[in-house]
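*Asks:* Provided below: input-v3.csv, containing CSV, C-alpha atoms and all ligand atoms.
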```csv
chain,number,residue,atom,x,y,z
A,1,MET,CA,10.9,-30.2,7.9
A,2,THR,CA,11.8,-28.9,11.4
A,3,GLY,CA,9.0,-27.0,13.0
A,4,CYS,CA,6.4,-27.9,10.3
A,5,ALA,CA,4.5,-30.4,12.5
A,6,ARG,CA,3.5,-27.7,14.9
A,7,VAL,CA,1.7,-25.6,12.2
A,8,VAL,CA,-2.1,-25.6,12.4
A,9,VAL,CA,-3.4,-24.8,9.0
A,10,PRO,CA,-6.1,-22.2,9.4
A,11,ASN,CA,-9.6,-23.7,9.1
A,12,GLY,CA,-13.0,-23.1,10.7
A,13,SER,CA,-12.1,-24.5,14.1
A,14,ALA,CA,-8.5,-23.5,14.5
A,15,LYS,CA,-8.1,-20.0,13.3
A,16,PRO,CA,-4.9,-18.1,14.1
A,17,PRO,CA,-5.1,-14.5,15.2
A,18,ARG,CA,-6.5,-12.3,12.4
A,19,PRO,CA,-4.6,-9.0,12.1
A,20,ARG,CA,-7.4,-7.0,10.6
A,21,ALA,CA,-9.7,-7.6,13.5
A,22,ALA,CA,-7.0,-6.8,15.9
A,23,VAL,CA,-6.2,-3.6,14.1
A,24,GLU,CA,-9.8,-2.7,14.0
A,25,GLY,CA,-9.9,-3.2,17.7
A,26,ILE,CA,-7.5,-0.3,18.0
A,27,ALA,CA,-9.5,1.5,15.3
A,28,SER,CA,-12.5,1.7,17.6
A,29,ARG,CA,-10.7,4.3,19.6
A,30,SER,CA,-11.9,7.8,19.0
A,31,VAL,CA,-10.4,10.0,16.3
A,32,ALA,CA,-9.3,12.5,19.0
A,33,ALA,CA,-7.4,9.7,20.7
A,34,ALA,CA,-5.6,8.9,17.4
A,35,GLU,CA,-4.4,12.5,17.2
A,36,ARG,CA,-2.6,12.5,20.6
A,37,PRO,CA,0.2,10.4,21.8
A,38,ILE,CA,-0.8,6.8,22.8
A,39,GLU,CA,-1.8,6.9,26.4
A,40,GLN,CA,-1.3,4.1,29.0
A,41,ALA,CA,-4.4,2.0,28.3
A,42,ASP,CA,-4.1,2.5,24.6
A,43,ARG,CA,-0.4,1.6,24.8
A,44,ARG,CA,-1.2,-1.7,26.4
A,45,GLN,CA,-3.8,-2.5,23.7
A,46,TYR,CA,-1.3,-1.3,21.1
A,47,HIS,CA,1.4,-3.7,22.3
A,48,GLU,CA,-1.1,-6.5,22.5
A,49,THR,CA,-2.1,-5.9,18.9
A,50,MET,CA,1.5,-5.8,17.8
A,51,LYS,CA,2.1,-9.2,19.6
A,52,VAL,CA,-0.8,-10.6,17.6
A,53,LEU,CA,0.6,-9.3,14.4
A,54,LYS,CA,4.1,-10.6,15.1
A,55,GLU,CA,2.6,-14.0,16.0
A,56,ARG,CA,0.7,-14.0,12.7
A,57,ARG,CA,3.9,-13.3,10.8
A,58,ARG,CA,5.7,-16.1,12.6
A,59,PHE,CA,2.9,-18.4,11.8
A,60,LEU,CA,2.8,-17.3,8.2
A,61,ARG,CA,6.6,-17.9,7.8
A,62,THR,CA,6.3,-21.4,9.1
A,63,ALA,CA,3.2,-22.2,7.1
A,64,LEU,CA,4.8,-21.0,3.9
A,65,ARG,CA,8.0,-22.9,4.7
A,66,CYS,CA,5.9,-26.0,5.1
A,67,ALA,CA,4.2,-25.2,1.8
A,68,GLY,CA,7.5,-25.1,0.0
A,69,VAL,CA,7.9,-21.4,-0.3
A,70,SER,CA,11.1,-21.2,1.9
A,71,ALA,CA,13.3,-22.5,-1.0
A,72,ILE,CA,12.1,-19.6,-3.1
A,73,SER,CA,12.7,-17.1,-0.3
A,74,ALA,CA,16.1,-18.5,0.3
A,75,ALA,CA,17.1,-18.3,-3.3
A,76,LEU,CA,15.9,-14.7,-3.5
A,77,PRO,CA,16.8,-13.3,-0.1
A,78,VAL,CA,16.0,-9.7,-0.8
A,79,TRP,CA,13.4,-8.7,-3.4
A,80,PRO,CA,12.9,-5.1,-4.4
A,81,ARG,CA,9.8,-3.6,-2.8
A,82,THR,CA,8.6,-2.5,-6.2
A,83,ALA,CA,9.0,-3.9,-9.7
A,84,PRO,CA,12.2,-3.1,-11.5
A,85,ALA,CA,10.4,-0.6,-13.7
A,86,GLN,CA,9.2,1.2,-10.6
A,87,THR,CA,12.6,1.4,-8.8
A,88,GLU,CA,14.7,2.7,-11.7
A,89,ARG,CA,15.8,6.1,-10.7
A,90,ALA,CA,15.1,8.7,-13.3
A,91,PRO,CA,16.2,12.3,-12.6
A,92,ILE,CA,13.8,14.0,-10.2
A,93,GLY,CA,11.5,16.3,-12.0
A,94,ALA,CA,8.0,17.7,-12.0
A,95,HIS,CA,5.5,18.2,-14.8
A,96,ALA,CA,2.0,19.6,-14.8
A,97,LEU,CA,-0.8,17.0,-14.9
A,98,ARG,CA,-3.6,19.4,-15.2
A,99,GLY,CA,-3.7,23.1,-14.2
A,100,ASN,CA,-1.8,23.7,-11.0
A,101,LEU,CA,-1.5,20.0,-10.1
A,102,PHE,CA,1.9,18.5,-10.7
A,103,GLN,CA,3.4,15.0,-10.7
A,104,MET,CA,6.9,14.6,-9.4
A,105,SER,CA,8.9,11.5,-10.5
A,106,GLY,CA,12.3,10.1,-9.9
A,107,ALA,CA,11.8,10.0,-6.1
A,108,GLY,CA,11.1,6.3,-5.7
A,109,GLY,CA,7.3,6.6,-5.7
A,110,ASN,CA,5.2,9.2,-7.5
A,111,ILE,CA,4.5,12.4,-5.7
A,112,VAL,CA,1.5,14.7,-6.5
A,113,LEU,CA,1.7,18.4,-5.6
A,114,LEU,CA,-1.2,20.9,-5.7
A,115,ARG,CA,-0.3,24.6,-5.7
A,116,ASP,CA,-3.3,26.6,-4.6
A,117,PRO,CA,-3.0,30.2,-3.3
A,118,ALA,CA,-4.8,28.9,-0.2
A,119,GLY,CA,-2.1,26.3,0.4
A,120,GLY,CA,0.0,23.5,-1.0
A,121,VAL,CA,-1.1,19.8,-0.8
A,122,MET,CA,1.3,16.9,-1.4
A,123,VAL,CA,0.6,13.2,-1.8
A,124,ASP,CA,3.6,11.1,-0.6
A,125,SER,CA,7.1,12.3,0.1
A,126,GLY,CA,9.3,9.9,-1.9
A,127,ALA,CA,12.3,8.0,-0.7
A,128,ALA,CA,14.6,9.3,2.1
A,129,GLU,CA,17.6,9.6,-0.1
A,130,THR,CA,15.8,12.0,-2.5
A,131,ALA,CA,14.1,14.1,0.3
A,132,SER,CA,16.5,17.0,-0.1
A,133,ALA,CA,16.0,17.3,-3.9
A,134,VAL,CA,12.3,16.8,-3.5
A,135,GLY,CA,12.1,19.5,-0.8
A,136,GLY,CA,13.8,21.9,-3.1
A,137,LEU,CA,11.6,21.2,-6.0
A,138,VAL,CA,8.4,21.5,-3.8
A,139,SER,CA,9.6,24.9,-2.5
A,140,SER,CA,10.2,26.0,-6.0
A,141,ARG,CA,6.8,24.9,-7.3
A,142,LEU,CA,4.9,26.3,-4.3
A,143,ASP,CA,6.7,29.6,-4.8
A,144,GLY,CA,6.0,31.0,-1.3
A,145,VAL,CA,2.7,29.2,-0.7
A,146,PRO,CA,2.9,27.2,2.5
A,147,LEU,CA,2.6,23.4,2.5
A,148,GLY,CA,-0.6,22.5,4.3
A,149,HIS,CA,-1.3,18.7,4.1
A,150,LEU,CA,1.0,15.9,3.2
A,151,PHE,CA,-0.9,12.6,2.5
A,152,ASN,CA,0.7,9.2,2.8
A,153,THR,CA,-1.0,6.7,0.5
A,154,HIS,CA,0.6,3.8,2.6
A,155,TRP,CA,3.6,3.1,4.7
A,156,HIS,CA,6.2,1.9,2.1
A,157,LEU,CA,9.5,3.8,2.2
A,158,GLU,CA,9.3,4.9,-1.4
A,159,HIS,CA,6.3,6.9,-0.4
A,160,THR,CA,7.0,8.0,3.2
A,161,GLY,CA,10.8,8.2,3.2
A,162,GLY,CA,10.8,11.9,2.9
A,163,ASN,CA,8.4,12.4,5.8
A,164,GLU,CA,11.0,13.5,8.3
A,165,ALA,CA,12.4,16.2,6.1
A,166,ILE,CA,9.3,17.4,4.2
A,167,GLY,CA,6.7,16.7,6.9
A,168,ARG,CA,8.3,19.3,9.1
A,169,THR,CA,7.1,22.0,6.8
A,170,ALA,CA,3.5,20.6,6.5
A,171,ALA,CA,0.7,21.5,8.8
A,172,ALA,CA,-0.4,17.8,9.0
A,173,ILE,CA,0.6,14.4,7.7
A,174,VAL,CA,-2.6,12.5,6.8
A,175,ALA,CA,-2.9,8.7,6.5
A,176,HIS,CA,-5.0,5.7,7.5
A,177,GLU,CA,-4.4,4.6,11.1
A,178,ASN,CA,-2.9,1.3,9.9
A,179,THR,CA,-0.1,3.2,8.1
A,180,ARG,CA,0.8,5.0,11.4
A,181,LEU,CA,0.8,1.6,13.2
A,182,TRP,CA,3.2,0.0,10.7
A,183,MET,CA,5.4,3.0,10.8
A,184,SER,CA,5.5,3.0,14.6
A,185,THR,CA,6.8,-0.5,15.2
A,186,GLU,CA,9.5,-3.0,14.2
A,187,TYR,CA,8.3,-5.8,11.9
A,188,HIS,CA,9.7,-8.3,9.5
A,189,VAL,CA,8.5,-8.6,5.9
A,190,ASP,CA,9.2,-12.2,5.1
A,191,TRP,CA,8.9,-12.0,1.3
A,192,GLU,CA,11.7,-9.4,1.3
A,193,ASN,CA,13.5,-11.0,4.2
A,194,ARG,CA,13.8,-7.5,5.6
A,195,THR,CA,13.1,-6.1,9.0
A,196,TYR,CA,11.8,-2.6,9.3
A,197,ALA,CA,12.7,-0.4,12.3
A,198,PRO,CA,10.2,2.0,13.8
A,199,ARG,CA,10.3,5.4,12.1
A,200,THR,CA,11.2,8.6,14.0
A,201,ALA,CA,8.4,10.6,15.6
A,202,ALA,CA,8.9,13.3,12.9
A,203,ALA,CA,7.9,10.8,10.2
A,204,LEU,CA,4.7,9.7,11.7
A,205,PRO,CA,1.3,10.7,10.4
A,206,THR,CA,-0.3,13.3,12.7
A,207,LYS,CA,-3.9,13.0,11.4
A,208,THR,CA,-5.2,9.5,10.9
A,209,PHE,CA,-8.6,8.1,10.2
A,210,TYR,CA,-10.3,4.7,10.6
A,211,SER,CA,-12.0,2.3,8.4
A,212,HIS,CA,-15.4,2.8,10.0
A,213,GLU,CA,-15.5,6.5,9.5
A,214,LYS,CA,-17.9,7.9,6.9
A,215,GLN,CA,-16.1,8.2,3.6
A,216,PRO,CA,-15.0,9.9,1.5
A,217,LEU,CA,-13.4,12.3,3.9
A,218,VAL,CA,-13.1,15.8,2.4
A,219,LEU,CA,-10.4,18.5,2.5
A,220,GLU,CA,-11.2,21.8,0.8
A,221,VAL,CA,-8.3,24.0,-0.2
A,222,GLY,CA,-9.2,27.1,-2.1
A,223,ALA,CA,-11.3,26.0,-5.1
A,224,GLU,CA,-10.1,22.4,-4.8
A,225,ARG,CA,-12.2,19.7,-3.2
A,226,ILE,CA,-10.0,16.8,-2.2
A,227,GLU,CA,-11.8,13.5,-1.3
A,228,TYR,CA,-9.9,10.6,0.3
A,229,GLY,CA,-10.7,7.2,1.7
A,230,HIS,CA,-9.5,3.8,2.6
A,231,LEU,CA,-8.9,1.0,0.2
A,232,ARG,CA,-9.1,-2.0,2.5
A,233,GLU,CA,-6.3,-4.7,2.4
A,234,ALA,CA,-5.2,-4.3,-1.2
A,235,HIS,CA,-1.5,-3.3,-1.6
A,236,THR,CA,-1.2,-3.1,2.2
A,237,ASP,CA,-3.9,-2.7,4.8
A,238,GLY,CA,-3.5,1.0,5.0
A,239,ASP,CA,-3.9,2.1,1.4
A,240,ILE,CA,-5.8,5.3,0.7
A,241,TYR,CA,-6.8,7.2,-2.5
A,242,ILE,CA,-6.7,10.9,-2.8
A,243,PHE,CA,-9.1,12.4,-5.4
A,244,PHE,CA,-8.6,16.0,-6.6
A,245,ARG,CA,-12.1,16.5,-7.8
A,246,GLU,CA,-11.7,19.9,-9.6
A,247,HIS,CA,-8.8,18.6,-11.6
A,248,ASN,CA,-10.4,15.1,-11.9
A,249,VAL,CA,-7.0,13.5,-11.0
A,250,LEU,CA,-6.8,10.6,-8.6
A,251,ALA,CA,-3.7,9.5,-6.7
A,252,ALA,CA,-4.0,5.8,-6.2
A,253,GLY,CA,-0.7,4.9,-4.4
A,254,GLY,CA,0.3,1.3,-4.6
A,255,VAL,CA,-3.1,0.0,-5.6
A,256,VAL,CA,-2.4,0.9,-9.2
A,257,ALA,CA,0.8,-0.1,-11.0
A,258,ALA,CA,1.9,1.0,-14.5
A,259,GLY,CA,4.2,-1.2,-16.5
A,260,ALA,CA,4.4,-3.7,-13.7
A,261,TYR,CA,2.2,-6.0,-11.7
A,262,PRO,CA,0.9,-4.5,-8.5
A,263,ILE,CA,2.8,-5.6,-5.4
A,264,LEU,CA,0.7,-7.4,-2.9
A,265,ASP,CA,2.5,-6.9,0.4
A,266,TYR,CA,0.8,-9.7,2.3
A,267,ALA,CA,3.1,-9.2,5.3
A,268,THR,CA,1.3,-5.9,6.0
A,269,GLY,CA,-2.2,-6.9,5.0
A,270,GLY,CA,-2.3,-6.8,1.2
A,271,TRP,CA,-4.0,-9.5,-0.9
A,272,ILE,CA,-5.6,-10.1,-4.3
A,273,GLY,CA,-9.2,-10.0,-3.1
A,274,GLY,CA,-8.6,-6.6,-1.5
A,275,LEU,CA,-6.9,-5.4,-4.7
A,276,MET,CA,-9.9,-6.5,-6.7
A,277,ASP,CA,-12.3,-4.6,-4.3
A,278,ALA,CA,-10.1,-1.5,-4.4
A,279,THR,CA,-9.9,-1.5,-8.2
A,280,GLU,CA,-13.7,-1.8,-8.3
A,281,LYS,CA,-14.1,1.1,-5.9
A,282,LEU,CA,-11.8,3.3,-7.9
A,283,LEU,CA,-13.8,2.4,-11.1
A,284,ALA,CA,-16.9,3.4,-9.3
A,285,ILE,CA,-15.8,6.9,-8.2
A,286,THR,CA,-14.0,7.9,-11.4
A,287,ASP,CA,-15.2,8.7,-14.9
A,288,ALA,CA,-13.8,8.4,-18.4
A,289,SER,CA,-11.8,11.7,-18.1
A,290,THR,CA,-10.2,10.9,-14.8
A,291,LEU,CA,-6.4,10.7,-14.8
A,292,ILE,CA,-5.0,8.0,-12.4
A,293,VAL,CA,-1.5,8.5,-10.8
A,294,PRO,CA,-0.1,5.1,-10.0
A,295,ALA,CA,2.6,4.2,-7.5
A,296,ALA,CA,5.3,4.9,-10.1
A,297,GLY,CA,5.4,5.6,-13.8
A,298,PRO,CA,3.2,7.8,-15.9
A,299,ALA,CA,-0.3,8.8,-15.1
A,300,GLN,CA,-2.9,6.5,-16.7
A,301,PRO,CA,-6.3,6.8,-18.3
A,302,ARG,CA,-9.2,5.2,-16.4
A,303,SER,CA,-9.2,2.4,-19.0
A,304,HIS,CA,-6.1,1.1,-17.2
A,305,LEU,CA,-8.2,0.4,-14.2
A,306,THR,CA,-10.5,-1.7,-16.4
A,307,THR,CA,-7.5,-3.7,-17.7
A,308,GLN,CA,-6.1,-4.1,-14.2
A,309,HIS,CA,-9.5,-5.4,-13.0
A,310,GLU,CA,-9.7,-8.0,-15.8
A,311,MET,CA,-6.1,-9.1,-15.0
A,312,VAL,CA,-6.8,-9.4,-11.3
A,313,ALA,CA,-10.1,-11.3,-11.7
A,314,THR,CA,-8.5,-13.7,-14.2
A,315,VAL,CA,-5.3,-14.4,-12.3
A,316,ARG,CA,-7.2,-14.7,-9.0
A,317,GLY,CA,-9.6,-17.3,-10.4
A,318,ARG,CA,-6.7,-19.4,-11.8
A,319,ILE,CA,-4.7,-19.3,-8.7
A,320,GLU,CA,-7.6,-20.1,-6.4
A,321,ASP,CA,-8.5,-23.0,-8.6
A,322,LEU,CA,-4.9,-24.3,-8.5
A,323,MET,CA,-4.7,-23.8,-4.7
A,324,ARG,CA,-7.8,-26.0,-4.3
A,325,LYS,CA,-5.9,-28.7,-6.2
A,326,GLY,CA,-3.0,-28.4,-3.9
A,327,LYS,CA,-0.6,-26.8,-6.4
A,328,SER,CA,2.4,-24.8,-5.3
A,329,ALA,CA,3.4,-21.3,-6.3
A,330,ASP,CA,6.1,-22.8,-8.5
A,331,GLU,CA,3.5,-24.9,-10.3
A,332,MET,CA,1.3,-21.9,-10.8
A,333,ILE,CA,4.2,-20.0,-12.4
A,334,ALA,CA,5.0,-23.0,-14.6
A,335,ALA,CA,1.3,-23.1,-15.6
A,336,GLY,CA,1.6,-19.5,-16.9
A,337,VAL,CA,-1.3,-18.1,-14.8
A,338,THR,CA,-0.5,-14.6,-15.9
A,339,ARG,CA,0.5,-15.4,-19.5
A,340,GLU,CA,-1.7,-13.0,-21.6
A,341,PHE,CA,-1.0,-10.1,-19.2
A,342,ASP,CA,2.8,-10.3,-19.0
A,343,ALA,CA,3.4,-8.1,-22.1
A,344,LEU,CA,1.4,-5.2,-20.5
A,345,PHE,CA,2.3,-5.6,-16.8
A,346,GLY,CA,5.9,-6.3,-17.1
A,347,ALA,CA,8.5,-8.7,-15.9
A,348,ASN,CA,7.6,-9.1,-12.2
A,349,SER,CA,4.9,-11.8,-12.8
A,350,GLU,CA,6.7,-14.3,-10.6
A,351,ARG,CA,6.8,-12.0,-7.7
A,352,PHE,CA,3.1,-11.2,-8.3
A,353,VAL,CA,2.1,-14.9,-8.3
A,354,ARG,CA,4.1,-15.7,-5.2
A,355,ASN,CA,2.6,-12.8,-3.3
A,356,VAL,CA,-0.9,-13.7,-4.5
A,357,TYR,CA,-0.3,-17.1,-3.1
A,358,GLY,CA,1.1,-15.8,0.2
A,359,GLY,CA,-1.9,-13.5,0.7
A,360,LEU,CA,-4.3,-16.3,-0.1
A,361,TRP,CA,-2.8,-18.5,2.5
A,362,TRP,CA,-4.3,-16.2,5.0
A,363,GLN,CA,-7.2,-14.2,3.6
A,364,GLY,CA,-8.6,-16.8,1.2
A,365,ARG,CA,-8.7,-19.5,3.8
A,366,LEU,CA,-10.0,-17.3,6.6
A,367,ASN,CA,-12.8,-15.7,4.6
A,368,GLY,CA,-13.8,-18.9,2.9
A,369,SER,CA,-13.1,-18.0,-0.7
A,370,LEU,CA,-10.9,-21.1,-1.1
B,401,ZN,ZN,4.0,0.4,-1.9
```
Would you encode the structure as structure tokens?
*Replies:*
Amino acid sequence: MTGCARVVVPNGSAKPPRPRAAVEGIASRSVAAAERPIEQADRRQYHETMKVLKERRRFLRTALRCAGVSAISAALPVWPRTAPAQTERAPIGAHALRGNLFQMSGAGGNIVLLRDPAGGVMVDSGAAETASAVGGLVSSRLDGVPLGHLFNTHWHLEHTGGNEAIGRTAAAIVAHENTRLWMSTEYHVDWENRTYAPRTAAALPTKTFYSHEKQPLVLEVGAERIEYGHLREAHTDGDIYIFFREHNVLAAGGVVAAGAYPILDYATGGWIGGLMDATEKLLAITDASTLIVPAAGPAQPRSHLTTQHEMVATVRGRIEDLMRKGKSADEMIAAGVTREFDALFGANSERFVRNVYGGLWWQGRLNGSL
């Protein structure tokens, strides 16, 4: 196949640029620097990093094509970002989760809203096309209380599409620095065959944090203690959780899926090993009474995390074993590597397997788990 002979498969002596390290290079800048516009020296480093990331994506596309994935991509040129169950548009509405904490659904991704007399706090802003309706509902629920912080659990448009409209009314948009980086540049997501343009300045997070910072970070609003932290390289490389301690409700973003397999967006740093680590971290910080708000769909009991962990560990073990035997993603699907979990996690098992495979091409080889 044209171009395949030039591909150097990652191994110990010929490693391609690794995006995480590159991004962490930027992450070594001070927090204060992250909160002001990128300056000249930072800008050079930023563009260098983006060059590395683009090169990694070019390499990955070629490697996957040589591995036989191109036929799959060609047959399915545009995949939905989320599972069918997650993208169905129900009417936009809000219901109380616990006390003055609400879940809004029908906006692409789930939104969580806290109304405290000291200020409102929102997790994710939904899709751009629902921003107006969401904004109206938020105003109505806050009933005169100003919106303080808007958190972004990760960069995906179902979760940040309303940033331009809703973020204007917030004192700060909070996210991991990797989320701001993805939102600041053009990049191609090969498994969707879609190129994303840089977001407008109004959409960008204004307060970011870095992986090396002491976590959880804490925001206190009235009587509510809100803890948040990074979930490294799981659904994307910028996932964060937001834990409303007083209500014992945790917003998990794309790291937890309900009625569907989690999406592993390997083009922006997600992979199954990171998803397993993230699930374990969420299990460690929650208790039996914690309510988990997933990317979309109804809130889940903590037992859902246990089930997700069992699924991830089982499927990861099977796929890594088959990769060591040189099997393709198609062969893994044919082997039924997700079989006993399909009834619970839904119909997007093929997409899940293909993205596990795509992520392992990079992470599994580079970290030596394959
Ligand atoms: Zn997502």
*Asks:* Nearest to Val255 (chain A) among A:His230, A:Arg318, A:Lys325, A:Arg354, with distances taken over all atoms listed in the file: which residue is it?
*Replies:*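 Looking at the shortest contact to Val255 (chain A), the residue is A:His230.
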*Asks:* Let me see if you get this right: every residue at most 7 Å from ligand ZN 401 (chain B), counting all atoms listed in the file, written as an mmCIF file with C-alpha atoms, keeping the file's coordinate frame.
*Replies:*
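As written to disk, result.cif reads:
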```
data_model
loop_
_atom_site.group_PDB
_atom_site.id
_atom_site.type_symbol
_atom_site.label_atom_id
_atom_site.label_comp_id
_atom_site.auth_asym_id
_atom_site.auth_seq_id
_atom_site.Cartn_x
_atom_site.Cartn_y
_atom_site.Cartn_z
ATOM 1 C CA THR A 82 8.600 -2.500 -6.200
ATOM 2 C CA HIS A 154 0.600 3.800 2.600
ATOM 3 C CA HIS A 156 6.200 1.900 2.100
ATOM 4 C CA GLU A 158 9.300 4.900 -1.400
ATOM 5 C CA HIS A 235 -1.500 -3.300 -1.600
ATOM 6 C CA GLY A 253 -0.700 4.900 -4.400
ATOM 7 C CA GLY A 254 0.300 1.300 -4.600
ATOM 8 C CA ALA A 295 2.600 4.200 -7.500
#
```
*Asks:* I need the residue nearest Ile285 (chain A) from this list: A:Glu227, A:Asp265, A:Glu233, A:Glu320. Use all atoms listed in the file for the distance.
*Replies:*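 Of A:Glu227, A:Asp265, A:Glu233, A:Glu320, the one nearest Ile285 (chain A) is A:Glu227, counting all atoms listed in the file.
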*Asks:* May I ask which of the residues A:Gly364, A:Gly270, A:Pro301, A:Gly162 is the closest one to Val134 (chain A), counting only C-alpha atoms?
*Replies:*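 Under the stated criterion, the closest residue is A:Gly162.
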*Asks:* For the interface of region 151-200 of chain A with region 242-245 of chain A (cut-off 12 Å, counting all atoms listed in the file), please tabulate each contacting residue of region 151-200 of chain A alongside its nearest pair of atoms and their separation in Å to one decimal, rows sorted by chain and increasing number, as JSON lines.
*Replies:*
```
{"residue": "A:Phe151", "atom": "CA", "partner": "A:Ile242", "partner_atom": "CA", "distance": 8.0}
{"residue": "A:Asn152", "atom": "CA", "partner": "A:Ile242", "partner_atom": "CA", "distance": 9.4}
{"residue": "A:Thr153", "atom": "CA", "partner": "A:Ile242", "partner_atom": "CA", "distance": 7.8}
{"residue": "A:His154", "atom": "CA", "partner": "A:Ile242", "partner_atom": "CA", "distance": 11.5}
{"residue": "A:Val174", "atom": "CA", "partner": "A:Ile242", "partner_atom": "CA", "distance": 10.6}
{"residue": "A:Ala175", "atom": "CA", "partner": "A:Ile242", "partner_atom": "CA", "distance": 10.3}
{"residue": "A:His176", "atom": "CA", "partner": "A:Ile242", "partner_atom": "CA", "distance": 11.7}
```
*Asks:* Applying 12 Å and only C-alpha atoms, which residues near region 309-313 of chain A remain after dropping the ones on its own chain fewer than 6 positions away? List them as a count of residues only.
*Replies:* 39
*Asks:* Taking all atoms listed in the file into account, name the residue in A:Gly108, A:Gly167, A:Gly336, A:Gly99 that is nearest to Glu129 (chain A).
*Replies:*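 When distances to Glu129 (chain A) are compared using all atoms listed in the file, the smallest one comes from A:Gly108.
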*Asks:* Using Å and a single decimal, report how far CA of Asp124 (chain A) sits from CA of Pro91 (chain A).
*Replies:*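 Atom-to-atom, CA of Pro91 (chain A) to CA of Asp124 (chain A), that is 17.4 Å.
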*Asks:* CA of Ala203 (chain A) and CA of Val121 (chain A) are how many Å apart?
*Replies:*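 Those two atoms sit 16.8 Å apart.
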*Asks:* Could you work out how far CA of Ile173 (chain A) lies from CA of Pro205 (chain A), giving the answer in Å with one decimal?
*Replies:*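 Distance between the two atoms: 4.6 Å.
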